[in-house]
Amino acid sequence: MQFKEKLKENLKNTKTYYFAFLKWVTLGIIMGAVGGLIGAIFAKSISFVTNLRSENGWLLYLLPVGGVLSVIIYKLCRVTDIGTNQVFESVRSKKKVPILLAPAIFAGTLITHMLGGSAGREGAALQLGGSISSLFGKIFKLNEKSQHILTVCGMAALFSALFGTPLGAFVFAIEVVSVGNFCSAAFLPATVSSVTAYFLAHLLGAHAERFNLKAVDEFDINILWKVVVIAILSAIVSIIFCKLMHFSHAFFKKYIKNEFLRIIVGAGVIIILTLILGTTDYNGGGIDVITRIFETGEVKYEAFILKMIFTAITIGVGFKGGEIVPTLFIGATFGGAVAILIGLNPALGAAVGM
């Protein structure tokens, strides 16, 4: 009798786990498909507006107008104070991510890239993923814990679709929502959604950037110490960049209370700096500059400092976008510059810096 009861209990548990497995694989595929589709559209849109800006330099002068439009869009969607941090908080609390955040961050990021603000796109990816997953959580009537897992899936899907890194995307999404903790329950569905989104986005023609590290010197102890030097210095630069981002946001908010005036002033500073420097290298994400280092070894020693300033102003005054692509720019230009100074291949230095 005891054996039968135990067997019955085991079968019940097996059935529960089996249906849970099917549920999360299905939800992972759905979020991956939606994320892959939206990610592909977003990636193509970013490429389109970036090319449009590079072919029409006069668009830079519309940056103040774009800034005002971006603020208006956020006010109309009632998501003015909502950003990536709030999406992370939604995974740890009962807070919901408004669905209107999706069109707002989509439009805001396109405006920033089209008109010459210095920003990335991963912030948009995470916010799009969080917003869309919140909507699907309501549709499927998921409980709070399941909604949190679905939000991680949404972030992983969009990040994977945009950057073409399915493994990195799901690990990033799981870890970043709670630094120091690994949400094991999200591992399977986040992996499924990330991989699904990657293949669908690729199928739809959204190709992520690839930097080819060509032949480098044969490994020896000389290369090792140079790599260590670049790594240590890059860590210091990353700390300075984080401090600068926080300072810029606090500074502009303190001294220019009106958000419309704040973004207009910031846009004006970006325009003036661009004209003084006589180059658009520091507008947009700057992927072309990174590519140039890997292809030609060309590096400007001051590039990493200027990109830090451009990005801190752009994000600090309220333009939408992310910091990861600018961070890769800063790492590549800094690493490449240091590599030249210490006698290392600049492409290898750029890779280490990134």
# chains A, B, ... in the order shown; residues from 1 in each chain; ligands from 1
call {"tool": "select_by_dssp", "arguments": {"residues": "region 144-309 of chain A", "states": "helix (DSSP H, G or I)", "output": "MDAnalysis selection string"}}
result
chainID A and resid 144:163 166:176 184:203 221:255 259:277 287:296 303:309
call {"tool": "residues_around", "arguments": {"residues": "His202 (chain A)", "least_positions_apart": "6", "cutoff": "9 Å", "atoms": "only C-alpha atoms", "output": "PyMOL selection string"}}
result
chain A and resi 36+40+161+164+208
call {"tool": "write_last_selection", "arguments": {"atoms": "N, CA, C and O atoms", "output": "PDB file, in the first residue's frame"}}
result
ATOM      1  N   GLY A  36      12.237  38.483 -31.280  1.00  0.00           N
ATOM      2  CA  GLY A  36      13.018  38.419 -32.510  1.00  0.00           C
ATOM      3  C   GLY A  36      12.441  39.311 -33.597  1.00  0.00           C
ATOM      4  O   GLY A  36      13.178  40.002 -34.312  1.00  0.00           O
ATOM      5  N   ALA A  40      14.303  42.671 -34.732  1.00  0.00           N
ATOM      6  CA  ALA A  40      14.723  42.826 -36.128  1.00  0.00           C
ATOM      7  C   ALA A  40      14.239  44.159 -36.699  1.00  0.00           C
ATOM      8  O   ALA A  40      14.984  44.865 -37.384  1.00  0.00           O
ATOM      9  N   ALA A 161      18.335  39.480 -30.031  1.00  0.00           N
ATOM     10  CA  ALA A 161      17.977  39.864 -31.396  1.00  0.00           C
ATOM     11  C   ALA A 161      18.809  41.045 -31.883  1.00  0.00           C
ATOM     12  O   ALA A 161      19.232  41.088 -33.040  1.00  0.00           O
ATOM     13  N   GLY A 164      22.926  39.863 -31.364  1.00  0.00           N
ATOM     14  CA  GLY A 164      23.358  38.605 -31.972  1.00  0.00           C
ATOM     15  C   GLY A 164      24.191  37.737 -31.048  1.00  0.00           C
ATOM     16  O   GLY A 164      25.084  37.015 -31.486  1.00  0.00           O
ATOM     17  N   ALA A 208      23.970  41.284 -36.636  1.00  0.00           N
ATOM     18  CA  ALA A 208      24.719  42.002 -35.606  1.00  0.00           C
ATOM     19  C   ALA A 208      26.125  42.335 -36.102  1.00  0.00           C
ATOM     20  O   ALA A 208      26.634  41.708 -37.040  1.00  0.00           O
TER      21      ALA A 208
END
call {"tool": "closest_residue", "arguments": {"among": "A:Leu37, A:Gly57, A:Ala104, A:Thr333", "to": "Leu275 (chain A)", "atoms": "only C-alpha atoms"}}
result
A:Gly57
call {"tool": "closest_residue", "arguments": {"among": "A:Leu150, A:Met114, A:Ile46, A:Val338", "to": "Trp58 (chain A)", "atoms": "only C-alpha atoms"}}
result
A:Met114
call {"tool": "atom_distance", "arguments": {"atom1": "CA of Ala186 (chain A)", "atom2": "CA of Pro98 (chain A)"}}
result
21.6 Å
call {"tool": "closest_residue", "arguments": {"among": "A:Thr112, A:Ser70, A:Ser194, A:Ser234", "to": "Arg53 (chain A)", "atoms": "only C-alpha atoms"}}
result
A:Thr112
call {"tool": "closest_residue", "arguments": {"among": "A:Trp24, A:Phe329, A:Phe48, A:Phe252", "to": "Ala190 (chain A)", "atoms": "only C-alpha atoms"}}
result
A:Trp24
call {"tool": "atom_distance", "arguments": {"atom1": "CA of Ile29 (chain A)", "atom2": "CA of Leu188 (chain A)"}}
result
10.8 Å
call {"tool": "residues_around", "arguments": {"residues": "region 19-21 of chain A", "least_positions_apart": "4", "cutoff": "9 Å", "atoms": "only C-alpha atoms", "output": "PyMOL selection string"}}
result
chain A and resi 14-15+25-26+188-189
call {"tool": "write_last_selection", "arguments": {"atoms": "all heavy atoms", "output": "CSV table (one decimal), in the first residue's frame"}}
result
chain,number,residue,atom,x,y,z
A,14,THR,N,6.0,14.0,-11.4
A,14,THR,CA,6.5,13.9,-12.7
A,14,THR,C,5.6,14.7,-13.7
A,14,THR,O,6.1,15.4,-14.6
A,14,THR,CB,6.7,12.5,-13.2
A,14,THR,OG1,7.5,11.8,-12.3
A,14,THR,CG2,7.3,12.4,-14.6
A,15,LYS,N,4.3,14.5,-13.5
A,15,LYS,CA,3.4,15.2,-14.4
A,15,LYS,C,3.4,16.7,-14.2
A,15,LYS,O,3.4,17.5,-15.1
A,15,LYS,CB,1.9,14.7,-14.0
A,15,LYS,CG,0.9,15.2,-14.9
A,15,LYS,CD,-0.5,14.6,-14.5
A,15,LYS,CE,-1.6,15.1,-15.4
A,15,LYS,NZ,-2.9,14.6,-15.0
A,25,VAL,N,8.8,26.2,-21.9
A,25,VAL,CA,9.4,26.1,-23.2
A,25,VAL,C,8.5,26.9,-24.2
A,25,VAL,O,9.0,27.6,-25.1
A,25,VAL,CB,9.6,24.7,-23.7
A,25,VAL,CG1,9.9,24.6,-25.2
A,25,VAL,CG2,10.7,24.0,-22.9
A,26,THR,N,7.2,26.7,-24.1
A,26,THR,CA,6.2,27.3,-25.0
A,26,THR,C,6.3,28.9,-24.8
A,26,THR,O,6.3,29.6,-25.8
A,26,THR,CB,4.8,26.8,-24.7
A,26,THR,OG1,4.7,25.4,-24.8
A,26,THR,CG2,3.8,27.5,-25.6
A,188,LEU,N,15.9,28.0,-18.1
A,188,LEU,CA,15.4,27.3,-19.3
A,188,LEU,C,14.6,28.3,-20.2
A,188,LEU,O,14.9,28.4,-21.4
A,188,LEU,CB,14.5,26.2,-18.9
A,188,LEU,CG,13.8,25.5,-20.0
A,188,LEU,CD1,14.7,24.8,-21.0
A,188,LEU,CD2,12.8,24.5,-19.5
A,189,PRO,N,13.6,29.0,-19.7
A,189,PRO,CA,12.8,29.8,-20.6
A,189,PRO,C,13.6,31.0,-21.2
A,189,PRO,O,13.4,31.3,-22.4
A,189,PRO,CB,11.7,30.4,-19.7
A,189,PRO,CG,12.1,30.2,-18.3
A,189,PRO,CD,13.0,29.0,-18.3
call {"tool": "residues_around", "arguments": {"residues": "Thr296 (chain A)", "least_positions_apart": "5", "cutoff": "10 Å", "atoms": "only C-alpha atoms", "output": "PDB file with N, CA, C and O atoms, in the first residue's frame"}}
result
ATOM      1  N   THR A 291      35.019  49.627 -35.933  1.00  0.00           N
ATOM      2  CA  THR A 291      35.368  48.827 -37.107  1.00  0.00           C
ATOM      3  C   THR A 291      36.681  49.313 -37.735  1.00  0.00           C
ATOM      4  O   THR A 291      37.518  48.514 -38.142  1.00  0.00           O
ATOM      5  N   PRO A 346      47.154  47.302 -32.113  1.00  0.00           N
ATOM      6  CA  PRO A 346      46.012  48.117 -31.657  1.00  0.00           C
ATOM      7  C   PRO A 346      44.675  47.389 -31.730  1.00  0.00           C
ATOM      8  O   PRO A 346      43.785  47.645 -30.910  1.00  0.00           O
ATOM      9  N   ALA A 347      44.523  46.465 -32.677  1.00  0.00           N
ATOM     10  CA  ALA A 347      43.283  45.704 -32.778  1.00  0.00           C
ATOM     11  C   ALA A 347      43.119  44.800 -31.565  1.00  0.00           C
ATOM     12  O   ALA A 347      42.021  44.681 -31.001  1.00  0.00           O
TER      13      ALA A 347
END
